[in-house]
>>> print(open('entry-v4.pdb').read())   # PDB, C-alpha atoms
MODEL        1
ATOM      1  CA  MET W 421      75.929 127.329  83.895
ATOM      2  CA  SER W 422      76.967 126.561  87.468
ATOM      3  CA  LYS W 423      79.637 123.988  88.220
ATOM      4  CA  LYS W 424      76.954 121.843  89.839
ATOM      5  CA  GLY W 425      74.808 122.017  86.709
ATOM      6  CA  LYS W 426      77.755 121.123  84.472
ATOM      7  CA  ALA W 427      78.619 118.185  86.718
ATOM      8  CA  ALA W 428      75.053 116.906  86.593
ATOM      9  CA  LYS W 429      75.010 117.210  82.787
ATOM     10  CA  LYS W 430      78.319 115.386  82.555
ATOM     11  CA  SER W 431      77.054 112.616  84.847
ATOM     12  CA  THR W 432      73.897 112.192  82.761
ATOM     13  CA  SER W 433      75.951 111.975  79.589
ATOM     14  CA  ALA W 434      78.204 109.363  81.147
ATOM     15  CA  ARG W 435      75.238 107.179  81.972
ATOM     16  CA  LYS W 436      73.728 107.367  78.497
ATOM     17  CA  PRO W 437      74.165 103.953  76.811
ATOM     18  CA  LYS W 438      76.074 103.780  73.590
ATOM     19  CA  SER W 439      74.021 103.112  70.482
ATOM     20  CA  PRO W 440      74.979 100.013  68.492
ATOM     21  CA  VAL W 441      77.364 100.786  65.656
ATOM     22  CA  LYS W 442      75.534 100.626  62.340
ATOM     23  CA  ARG W 443      77.491  98.857  59.615
ATOM     24  CA  THR W 444      76.755  97.227  56.312
ATOM     25  CA  ALA W 445      76.428  93.446  56.387
ATOM     26  CA  ARG W 446      79.802  93.131  54.671
ATOM     27  CA  GLY W 447      81.396  95.585  57.111
ATOM     28  CA  SER W 448      79.921  93.659  60.028
ATOM     29  CA  LEU W 449      81.346  90.422  58.687
ATOM     30  CA  SER W 450      84.776  92.019  58.446
ATOM     31  CA  VAL W 451      84.627  93.104  62.090
ATOM     32  CA  ALA W 452      83.124  89.793  63.246
ATOM     33  CA  THR W 453      85.961  87.739  61.783
ATOM     34  CA  SER W 454      88.809  90.061  62.814
ATOM     35  CA  ALA W 455      90.943  88.838  65.705
ATOM     36  CA  ARG W 456      92.149  92.437  66.200
ATOM     37  CA  ARG W 457      88.710  93.576  67.373
ATOM     38  CA  SER W 458      87.403  93.186  70.925
ATOM     39  CA  VAL W 459      85.116  90.304  71.889
ATOM     40  CA  GLY W 460      82.227  92.722  72.437
ATOM     41  CA  GLU W 461      82.648  94.339  69.025
ATOM     42  CA  ARG W 462      82.825  90.998  67.283
ATOM     43  CA  VAL W 463      79.784  89.543  69.037
ATOM     44  CA  GLU W 464      77.768  92.663  68.174
ATOM     45  CA  ALA W 465      78.933  92.541  64.568
ATOM     46  CA  MET W 466      77.987  88.862  64.274
ATOM     47  CA  SER W 467      74.308  89.764  64.737
ATOM     48  CA  GLN W 468      74.512  92.072  61.690
ATOM     49  CA  ALA W 469      76.518  89.708  59.485
ATOM     50  CA  PRO W 470      74.098  86.950  58.308
ATOM     51  CA  LEU W 471      73.224  88.669  55.024
ATOM     52  CA  ALA W 472      76.885  88.717  54.011
ATOM     53  CA  VAL W 473      77.766  85.128  54.936
ATOM     54  CA  CYS W 474      77.008  83.656  51.524
ATOM     55  CA  GLU W 475      77.930  86.621  49.354
ATOM     56  CA  ASN W 476      81.028  84.712  48.313
ATOM     57  CA  ASP W 477      83.035  81.678  49.358
ATOM     58  CA  GLU W 478      85.668  83.806  51.069
ATOM     59  CA  SER W 479      83.065  85.296  53.426
ATOM     60  CA  LEU W 480      81.636  81.889  54.239
ATOM     61  CA  GLN W 481      85.007  80.303  54.916
ATOM     62  CA  ALA W 482      86.032  83.213  57.159
ATOM     63  CA  MET W 483      82.963  82.703  59.334
ATOM     64  CA  LEU W 484      83.323  78.921  59.397
ATOM     65  CA  LYS W 485      86.974  79.313  60.376
ATOM     66  CA  VAL W 486      85.951  81.362  63.415
ATOM     67  CA  LEU W 487      83.411  78.719  64.389
ATOM     68  CA  ARG W 488      85.922  75.862  64.096
ATOM     69  CA  ASN W 489      88.822  77.627  65.798
ATOM     70  CA  LYS W 490      89.076  76.497  69.421
ATOM     71  CA  ASP W 491      91.541  79.321  70.120
ATOM     72  CA  GLU W 492      88.871  81.929  69.406
ATOM     73  CA  PRO W 493      86.916  83.320  72.409
ATOM     74  CA  VAL W 494      83.967  80.999  73.011
ATOM     75  CA  GLU W 495      81.535  83.938  73.051
ATOM     76  CA  VAL W 496      82.626  84.827  69.514
ATOM     77  CA  ARG W 497      82.321  81.239  68.319
ATOM     78  CA  ARG W 498      78.826  80.960  69.783
ATOM     79  CA  ALA W 499      77.860  84.207  68.070
ATOM     80  CA  ALA W 500      79.308  82.881  64.810
ATOM     81  CA  LEU W 501      77.095  79.810  65.038
ATOM     82  CA  GLN W 502      74.085  81.997  65.762
ATOM     83  CA  SER W 503      74.896  84.160  62.736
ATOM     84  CA  LEU W 504      75.310  81.144  60.470
ATOM     85  CA  SER W 505      72.053  79.659  61.760
ATOM     86  CA  ALA W 506      70.259  82.906  60.959
ATOM     87  CA  ALA W 507      71.759  82.916  57.460
ATOM     88  CA  ALA W 508      70.561  79.341  56.932
ATOM     89  CA  PHE W 509      66.926  80.451  57.258
ATOM     90  CA  SER W 510      67.249  81.947  53.784
ATOM     91  CA  VAL W 511      67.047  78.487  52.254
ATOM     92  CA  LEU W 512      67.658  79.397  48.604
ATOM     93  CA  ALA W 513      70.406  81.928  49.306
ATOM     94  CA  PHE W 514      72.146  79.541  51.679
ATOM     95  CA  GLU W 515      71.925  76.440  49.506
ATOM     96  CA  SER W 516      75.423  76.848  48.062
ATOM     97  CA  CYS W 517      76.814  77.195  51.590
ATOM     98  CA  ARG W 518      74.965  74.312  53.190
ATOM     99  CA  ALA W 519      77.437  71.498  52.515
ATOM    100  CA  ASP W 520      80.366  73.346  54.113
ATOM    101  CA  TYR W 521      78.124  74.469  56.988
ATOM    102  CA  ILE W 522      77.014  70.898  57.721
ATOM    103  CA  ALA W 523      80.597  69.641  57.521
ATOM    104  CA  THR W 524      81.687  72.261  60.064
ATOM    105  CA  LEU W 525      78.822  71.402  62.401
ATOM    106  CA  ARG W 526      79.938  67.780  62.306
ATOM    107  CA  GLU W 527      83.409  68.905  63.349
ATOM    108  CA  ILE W 528      82.189  70.833  66.393
ATOM    109  CA  VAL W 529      79.876  68.171  67.819
ATOM    110  CA  THR W 530      82.926  67.041  69.811
ATOM    111  CA  ASP W 531      83.951  70.579  70.791
ATOM    112  CA  PRO W 532      85.100  71.202  74.388
ATOM    113  CA  ASP W 533      82.323  73.789  74.819
ATOM    114  CA  PRO W 534      79.107  71.956  75.812
ATOM    115  CA  LEU W 535      76.824  74.679  74.472
ATOM    116  CA  LEU W 536      78.406  74.553  71.014
ATOM    117  CA  ARG W 537      78.171  70.754  71.040
ATOM    118  CA  ARG W 538      74.509  70.843  71.952
ATOM    119  CA  ARG W 539      73.597  73.508  69.414
ATOM    120  CA  ALA W 540      75.498  71.781  66.618
ATOM    121  CA  LEU W 541      73.835  68.460  67.378
ATOM    122  CA  GLY W 542      70.453  70.176  67.554
ATOM    123  CA  ILE W 543      70.843  71.749  64.122
ATOM    124  CA  LEU W 544      72.103  68.511  62.583
ATOM    125  CA  SER W 545      69.309  66.488  64.180
ATOM    126  CA  ARG W 546      66.680  68.809  62.723
ATOM    127  CA  GLU W 547      68.375  68.230  59.362
ATOM    128  CA  HIS W 548      67.936  64.459  59.934
ATOM    129  CA  ASP W 549      71.696  64.095  59.733
ATOM    130  CA  GLY W 550      72.846  60.475  59.980
ATOM    131  CA  PHE W 551      76.227  61.404  61.446
ATOM    132  CA  ALA W 552      74.610  63.233  64.364
ATOM    133  CA  GLN W 553      72.194  60.388  65.002
ATOM    134  CA  LYS W 554      75.061  57.898  65.086
ATOM    135  CA  LYS W 555      76.916  60.022  67.641
ATOM    136  CA  LEU W 556      73.823  60.375  69.822
ATOM    137  CA  LEU W 557      73.158  56.633  69.772
ATOM    138  CA  GLU W 558      76.796  55.890  70.618
ATOM    139  CA  GLY W 559      76.547  58.188  73.623
ATOM    140  CA  LEU W 560      73.423  56.449  74.879
ATOM    141  CA  LYS W 561      75.092  53.050  74.574
ATOM    142  CA  ASP W 562      78.366  54.170  76.183
ATOM    143  CA  SER W 563      78.275  57.119  78.600
ATOM    144  CA  GLU W 564      82.002  57.767  78.026
ATOM    145  CA  LYS W 565      81.190  58.669  74.428
ATOM    146  CA  ALA W 566      78.214  60.869  75.314
ATOM    147  CA  LEU W 567      78.341  64.354  73.822
ATOM    148  CA  VAL W 568      75.228  65.574  75.671
ATOM    149  CA  PRO W 569      73.241  64.278  78.674
ATOM    150  CA  PRO W 570      71.045  61.241  77.856
ATOM    151  CA  GLU W 571      67.792  63.186  78.175
ATOM    152  CA  LYS W 572      69.020  65.712  75.604
ATOM    153  CA  ALA W 573      70.202  62.941  73.281
ATOM    154  CA  LEU W 574      66.742  61.368  73.412
ATOM    155  CA  GLN W 575      65.092  64.699  72.640
ATOM    156  CA  LEU W 576      67.306  65.165  69.604
ATOM    157  CA  LEU W 577      66.774  61.618  68.380
ATOM    158  CA  SER W 578      63.025  62.241  68.372
ATOM    159  CA  TYR W 579      63.447  64.436  65.268
ATOM    160  CA  ASP W 580      64.129  61.337  63.174
ATOM    161  CA  ILE W 581      63.417  58.134  65.034
ATOM    162  CA  HIS W 582      64.779  54.780  63.896
ATOM    163  CA  SER W 583      64.239  51.338  65.411
ATOM    164  CA  GLU W 584      67.585  51.400  67.198
ATOM    165  CA  ALA W 585      66.510  54.480  69.122
ATOM    166  CA  TYR W 586      63.397  52.624  70.318
ATOM    167  CA  SER W 587      65.399  49.719  71.696
ATOM    168  CA  ILE W 588      67.777  52.025  73.570
ATOM    169  CA  ALA W 589      64.865  54.061  74.931
ATOM    170  CA  ARG W 590      63.285  50.874  76.277
ATOM    171  CA  GLU W 591      66.533  50.022  78.072
ATOM    172  CA  ILE W 592      66.598  53.484  79.603
ATOM    173  CA  VAL W 593      63.023  53.092  80.844
ATOM    174  CA  GLU W 594      64.028  49.849  82.545
ATOM    175  CA  LYS W 595      67.335  51.170  83.954
ATOM    176  CA  PRO W 596      67.240  54.964  83.800
ATOM    177  CA  PRO W 597      70.453  56.934  84.435
ATOM    178  CA  SER W 598      68.262  59.795  85.687
ATOM    179  CA  THR W 599      64.609  60.704  86.125
ATOM    180  CA  ALA W 600      64.878  63.199  83.253
ATOM    181  CA  ALA W 601      66.302  60.519  80.945
ATOM    182  CA  LYS W 602      63.444  58.145  81.739
ATOM    183  CA  ARG W 603      60.881  60.866  81.061
ATOM    184  CA  GLU W 604      62.417  61.646  77.661
ATOM    185  CA  ALA W 605      62.659  57.943  76.814
ATOM    186  CA  LEU W 606      58.930  57.585  77.461
ATOM    187  CA  ARG W 607      58.210  60.571  75.244
ATOM    188  CA  LEU W 608      60.308  59.130  72.446
ATOM    189  CA  LEU W 609      58.532  55.771  72.728
ATOM    190  CA  ALA W 610      55.161  57.486  72.333
ATOM    191  CA  ALA W 611      55.574  56.978  68.576
ATOM    192  CA  ASP W 612      56.224  53.227  68.961
ATOM    193  CA  ALA W 613      52.992  51.352  68.333
ATOM    194  CA  THR W 614      54.374  48.229  70.044
ATOM    195  CA  ALA W 615      55.056  50.046  73.335
ATOM    196  CA  ALA W 616      51.475  50.060  74.633
ATOM    197  CA  PRO W 617      51.998  47.229  77.197
ATOM    198  CA  MET W 618      54.948  49.108  78.673
ATOM    199  CA  PHE W 619      52.848  52.267  79.029
ATOM    200  CA  GLU W 620      50.080  50.265  80.702
ATOM    201  CA  LYS W 621      52.634  49.075  83.248
ATOM    202  CA  VAL W 622      53.890  52.604  83.875
ATOM    203  CA  LEU W 623      50.362  53.943  84.291
ATOM    204  CA  ARG W 624      49.426  51.379  86.950
ATOM    205  CA  ASP W 625      52.704  51.550  88.882
ATOM    206  CA  LYS W 626      52.100  53.590  92.058
ATOM    207  CA  ASP W 627      55.833  53.840  92.653
ATOM    208  CA  GLU W 628      56.271  55.621  89.321
ATOM    209  CA  MET W 629      56.548  59.424  89.135
ATOM    210  CA  ALA W 630      53.210  61.155  88.549
ATOM    211  CA  GLU W 631      54.506  62.929  85.425
ATOM    212  CA  ASN W 632      55.538  59.614  83.863
ATOM    213  CA  ARG W 633      52.155  58.065  84.633
ATOM    214  CA  GLN W 634      50.436  61.049  83.039
ATOM    215  CA  ILE W 635      52.624  60.683  79.951
ATOM    216  CA  ALA W 636      51.610  57.016  79.841
ATOM    217  CA  ALA W 637      47.919  57.940  80.007
ATOM    218  CA  SER W 638      48.310  60.385  77.137
ATOM    219  CA  VAL W 639      50.196  57.857  74.989
ATOM    220  CA  LEU W 640      47.667  55.102  75.660
ATOM    221  CA  GLN W 641      44.874  57.393  74.537
ATOM    222  CA  ALA W 642      46.611  57.548  71.164
ATOM    223  CA  LEU W 643      47.829  53.933  70.939
ATOM    224  CA  ARG W 644      45.219  51.889  72.813
ATOM    225  CA  PRO W 645      42.262  54.070  73.903
ATOM    226  CA  GLU W 646      40.228  51.070  75.046
ATOM    227  CA  LYS W 647      43.043  50.090  77.428
ATOM    228  CA  LEU W 648      43.224  53.608  78.823
ATOM    229  CA  GLN W 649      39.492  53.514  79.579
ATOM    230  CA  GLU W 650      39.900  50.182  81.322
ATOM    231  CA  HIS W 651      42.782  51.364  83.481
ATOM    232  CA  ALA W 652      41.226  54.774  84.141
ATOM    233  CA  ARG W 653      38.120  53.074  85.553
ATOM    234  CA  GLU W 654      40.194  50.895  87.902
ATOM    235  CA  ILE W 655      42.248  53.905  89.032
ATOM    236  CA  VAL W 656      39.116  55.908  89.874
ATOM    237  CA  LEU W 657      37.726  52.969  91.862
ATOM    238  CA  ASP W 658      40.986  52.530  93.796
ATOM    239  CA  THR W 659      40.607  54.241  97.182
ATOM    240  CA  LYS W 660      44.388  54.249  97.689
ATOM    241  CA  GLU W 661      45.305  55.860  94.374
ATOM    242  CA  TYR W 662      47.054  59.239  94.205
ATOM    243  CA  ASP W 663      44.930  62.334  93.576
ATOM    244  CA  ASP W 664      46.847  63.509  90.495
ATOM    245  CA  ILE W 665      46.383  60.183  88.728
ATOM    246  CA  GLN W 666      42.725  59.930  89.708
ATOM    247  CA  ALA W 667      42.161  63.422  88.344
ATOM    248  CA  THR W 668      43.892  62.435  85.077
ATOM    249  CA  SER W 669      41.758  59.286  84.867
ATOM    250  CA  LEU W 670      38.553  61.236  85.433
ATOM    251  CA  ILE W 671      39.497  63.561  82.575
ATOM    252  CA  ALA W 672      40.145  60.553  80.331
ATOM    253  CA  LEU W 673      36.778  59.016  81.171
ATOM    254  CA  THR W 674      34.918  62.296  80.792
ATOM    255  CA  GLN W 675      36.451  63.323  77.478
ATOM    256  CA  PHE W 676      36.930  59.967  75.781
ATOM    257  CA  GLY W 677      34.791  57.481  77.685
ATOM    258  CA  ASP W 678      32.217  55.155  76.133
ATOM    259  CA  ALA W 679      28.996  56.969  77.095
ATOM    260  CA  GLU W 680      26.844  53.878  76.706
ATOM    261  CA  ALA W 681      29.100  51.688  78.889
ATOM    262  CA  ILE W 682      29.484  54.392  81.549
ATOM    263  CA  ALA W 683      25.720  54.948  81.673
ATOM    264  CA  GLU W 684      25.307  51.335  82.788
ATOM    265  CA  ASP W 685      28.293  51.322  85.175
ATOM    266  CA  LYS W 686      26.594  51.929  88.521
ATOM    267  CA  THR W 687      29.731  51.087  90.508
ATOM    268  CA  LEU W 688      31.797  53.716  88.726
ATOM    269  CA  LYS W 689      29.083  56.380  88.921
ATOM    270  CA  LYS W 690      28.596  55.758  92.629
ATOM    271  CA  ARG W 691      32.315  56.130  93.239
ATOM    272  CA  VAL W 692      32.533  59.355  91.222
ATOM    273  CA  ASP W 693      29.538  60.753  93.072
ATOM    274  CA  LYS W 694      31.374  60.160  96.339
ATOM    275  CA  LEU W 695      34.547  61.772  95.013
ATOM    276  CA  SER W 696      32.607  64.894  94.035
ATOM    277  CA  ASP W 697      32.100  65.649  97.744
ATOM    278  CA  LYS W 698      34.925  63.961  99.645
ATOM    279  CA  ALA W 699      38.122  64.364  97.671
ATOM    280  CA  SER W 700      40.826  66.927  96.934
ATOM    281  CA  THR W 701      39.859  70.022  94.948
ATOM    282  CA  LYS W 702      41.433  68.678  91.761
ATOM    283  CA  VAL W 703      39.606  65.355  91.991
ATOM    284  CA  LYS W 704      36.328  67.055  92.965
ATOM    285  CA  GLN W 705      36.470  69.202  89.865
ATOM    286  CA  GLY W 706      37.073  66.181  87.666
ATOM    287  CA  ALA W 707      34.293  64.238  89.343
ATOM    288  CA  ARG W 708      31.807  67.066  88.897
ATOM    289  CA  ARG W 709      32.637  67.379  85.187
ATOM    290  CA  PHE W 710      32.101  63.625  84.859
ATOM    291  CA  ILE W 711      28.722  63.880  86.592
ATOM    292  CA  LYS W 712      27.695  66.856  84.467
ATOM    293  CA  LYS W 713      28.337  64.844  81.306
ATOM    294  CA  TYR W 714      27.052  61.431  82.331
ATOM    295  CA  GLY W 715      24.497  62.273  85.019
ATOM    296  CA  GLU W 716      24.354  61.029  88.582
TER     297      GLU W 716
ENDMDL
END
>>> encode(input="entry-v4.pdb", output="structure tokens")
Amino acid sequence: MSKKGKAAKKSTSARKPKSPVKRTARGSLSVATSARRSVGERVEAMSQAPLAVCENDESLQAMLKVLRNKDEPVEVRRAALQSLSAAAFSVLAFESCRADYIATLREIVTDPDPLLRRRALGILSREHDGFAQKKLLEGLKDSEKALVPPEKALQLLSYDIHSEAYSIAREIVEKPPSTAAKREALRLLAADATAAPMFEKVLRDKDEMAENRQIAASVLQALRPEKLQEHAREIVLDTKEYDDIQATSLIALTQFGDAEAIAEDKTLKKRVDKLSDKASTKVKQGARRFIKKYGE
């Protein structure tokens, strides 16, 4: 073979990616928890280790130690959490490990790494863990104690809502620290049957973000459908209303409206007929669907 051919073959071989090392679950766990191995080796081994995590208490404690240890590379600790989370899907096999796992997650909710904090809180919240909920509520009351941004805290609290979460969410709606936090507060309050008047206010407020007004319309359909119909009618009749909200209101009237009342509402039908020709594309489409259902 010519030198050129040998060089080309060598170059091709150099570019060929290495295949992942195949190990037993126990062997992978040994590599994953060994500080003598490289970060890359350990992260790769973590993905193959879940089956060995609960083989015995020594294996479990070795993995939990890696997760807790702030001196370990953060990539390895994140991989350890991922591996433990995967192991936890085997509910029966993991049952004997769960108490120590939960205790470790509670330790790392205050970890310096924000991703570990968020993931730990997420897992605990899905477990309806009271400790995690307490921490999330504390952070919403006092930003200096916040472990995650307020919008994320509200998302996590929605897994197991208590009355205290409702009251804090209402405060955030009134004085939001960010637009994202207000949006998540509204979503959390969707399960609060007493929040309908607040959602009516949001829906009719032209200074409110369109997404928040659309959330309000959706919630009112569930909580107070008759109020949504009332407001949707007024929004469609309002010549100064925004297109997105008029389109949402037309959908509400078309899909959930009182057919008998709409049939007799000449003012509304006249307005919709006009919108079907002289409005934005989105509103036209909604108007034409309305007309198709209720007639001109």
>>> residues_around(input="entry-v4.pdb", residues="Val463 in chain W", least_positions_apart="2", cutoff="8 Å", atoms="all atoms listed in the file", output="MDAnalysis selection string")
chainID W and resid 452 459:461 465:467 495:496 499:500
>>> atom_distance(input="entry-v4.pdb", atom1="CA of Phe551 in chain W", atom2="CA of Tyr586 in chain W")
17.9 Å
>>> resolve_selection(input="entry-v4.pdb", expression="the PyMOL selection byres ((chain W and resi 622-628) around 12)", output="mmCIF file with C-alpha atoms, in the coordinates of the input")
data_model
loop_
_atom_site.group_PDB
_atom_site.id
_atom_site.type_symbol
_atom_site.label_atom_id
_atom_site.label_comp_id
_atom_site.auth_asym_id
_atom_site.auth_seq_id
_atom_site.Cartn_x
_atom_site.Cartn_y
_atom_site.Cartn_z
ATOM 1 C CA VAL W 593 63.023 53.092 80.844
ATOM 2 C CA GLU W 594 64.028 49.849 82.545
ATOM 3 C CA THR W 599 64.609 60.704 86.125
ATOM 4 C CA LYS W 602 63.444 58.145 81.739
ATOM 5 C CA ARG W 603 60.881 60.866 81.061
ATOM 6 C CA LEU W 606 58.930 57.585 77.461
ATOM 7 C CA ALA W 615 55.056 50.046 73.335
ATOM 8 C CA ALA W 616 51.475 50.060 74.633
ATOM 9 C CA PRO W 617 51.998 47.229 77.197
ATOM 10 C CA MET W 618 54.948 49.108 78.673
ATOM 11 C CA PHE W 619 52.848 52.267 79.029
ATOM 12 C CA GLU W 620 50.080 50.265 80.702
ATOM 13 C CA LYS W 621 52.634 49.075 83.248
ATOM 14 C CA MET W 629 56.548 59.424 89.135
ATOM 15 C CA ALA W 630 53.210 61.155 88.549
ATOM 16 C CA GLU W 631 54.506 62.929 85.425
ATOM 17 C CA ASN W 632 55.538 59.614 83.863
ATOM 18 C CA ARG W 633 52.155 58.065 84.633
ATOM 19 C CA GLN W 634 50.436 61.049 83.039
ATOM 20 C CA ILE W 635 52.624 60.683 79.951
ATOM 21 C CA ALA W 636 51.610 57.016 79.841
ATOM 22 C CA ALA W 637 47.919 57.940 80.007
ATOM 23 C CA SER W 638 48.310 60.385 77.137
ATOM 24 C CA VAL W 639 50.196 57.857 74.989
ATOM 25 C CA LEU W 640 47.667 55.102 75.660
ATOM 26 C CA GLN W 641 44.874 57.393 74.537
ATOM 27 C CA LYS W 647 43.043 50.090 77.428
ATOM 28 C CA LEU W 648 43.224 53.608 78.823
ATOM 29 C CA GLN W 649 39.492 53.514 79.579
ATOM 30 C CA GLU W 650 39.900 50.182 81.322
ATOM 31 C CA HIS W 651 42.782 51.364 83.481
ATOM 32 C CA ALA W 652 41.226 54.774 84.141
ATOM 33 C CA ARG W 653 38.120 53.074 85.553
ATOM 34 C CA GLU W 654 40.194 50.895 87.902
ATOM 35 C CA ILE W 655 42.248 53.905 89.032
ATOM 36 C CA VAL W 656 39.116 55.908 89.874
ATOM 37 C CA ASP W 658 40.986 52.530 93.796
ATOM 38 C CA LYS W 660 44.388 54.249 97.689
ATOM 39 C CA GLU W 661 45.305 55.860 94.374
ATOM 40 C CA TYR W 662 47.054 59.239 94.205
ATOM 41 C CA ASP W 663 44.930 62.334 93.576
ATOM 42 C CA ASP W 664 46.847 63.509 90.495
ATOM 43 C CA ILE W 665 46.383 60.183 88.728
ATOM 44 C CA GLN W 666 42.725 59.930 89.708
ATOM 45 C CA THR W 668 43.892 62.435 85.077
ATOM 46 C CA SER W 669 41.758 59.286 84.867
#
>>> residues_around(input="entry-v4.pdb", residues="Asp477 in chain W", least_positions_apart="4", cutoff="10 Å", atoms="only C-alpha atoms", output="PyMOL selection string")
chain W and resi 473+481-482+516-517+520
>>> resolve_selection(input="entry-v4.pdb", expression="the PyMOL selection byres ((chain W and resi 524) around 12)", output="ChimeraX atom specification")
/W:480-481,483-489,500-501,504,517-523,525-531,536-537,540-541,543-544
>>> atom_distance(input="entry-v4.pdb", atom1="CA of His582 in chain W", atom2="CA of Glu564 in chain W")
22.5 Å
>>> atom_distance(input="entry-v4.pdb", atom1="CA of Arg457 in chain W", atom2="CA of Arg498 in chain W")
16.2 Å
>>> resolve_selection(input="entry-v4.pdb", expression="the PyMOL selection byres ((chain W and resi 557) around 9)", output="short mmCIF file (atom, residue, chain, number, x, y, z; two decimals) with C-alpha atoms, in the coordinates of the input")
data_model
loop_
_atom_site.label_atom_id
_atom_site.label_comp_id
_atom_site.auth_asym_id
_atom_site.auth_seq_id
_atom_site.Cartn_x
_atom_site.Cartn_y
_atom_site.Cartn_z
CA ALA W 552 74.61 63.23 64.36
CA GLN W 553 72.19 60.39 65.00
CA LYS W 554 75.06 57.90 65.09
CA LYS W 555 76.92 60.02 67.64
CA LEU W 556 73.82 60.38 69.82
CA GLU W 558 76.80 55.89 70.62
CA GLY W 559 76.55 58.19 73.62
CA LEU W 560 73.42 56.45 74.88
CA LYS W 561 75.09 53.05 74.57
CA ASP W 562 78.37 54.17 76.18
CA ALA W 566 78.21 60.87 75.31
CA ALA W 573 70.20 62.94 73.28
CA LEU W 574 66.74 61.37 73.41
CA LEU W 577 66.77 61.62 68.38
CA GLU W 584 67.58 51.40 67.20
CA ALA W 585 66.51 54.48 69.12
CA ILE W 588 67.78 52.02 73.57
#
>>> closest_residue(input="entry-v4.pdb", among="W:Ser503, W:Ser510, W:Ser545, W:Gln468", to="Arg446 in chain W", atoms="all atoms listed in the file")
W:Gln468
>>> closest_residue(input="entry-v4.pdb", among="W:Phe514, W:Ala681, W:Gly542, W:Lys686", to="Val568 in chain W", atoms="all atoms listed in the file")
W:Gly542
>>> residues_around(input="entry-v4.pdb", residues="Lys704 in chain W", least_positions_apart="5", cutoff="6 Å", atoms="all atoms listed in the file", output="PyMOL selection string")
chain W and resi 695-696+699
>>> axis_aligned_box(input="entry-v4.pdb", around="range 561-570 of chain W", padding_each_side="3 Å", output="lines of an AutoDock Vina configuration file")
center_x = 76.5
center_y = 59.3
center_z = 76.2
size_x = 17.0
size_y = 18.5
size_z = 10.9
>>> closest_residue(input="entry-v4.pdb", among="W:Glu680, W:Glu571, W:Asp612, W:Asp693", to="Ala642 in chain W", atoms="only C-alpha atoms")
W:Asp612
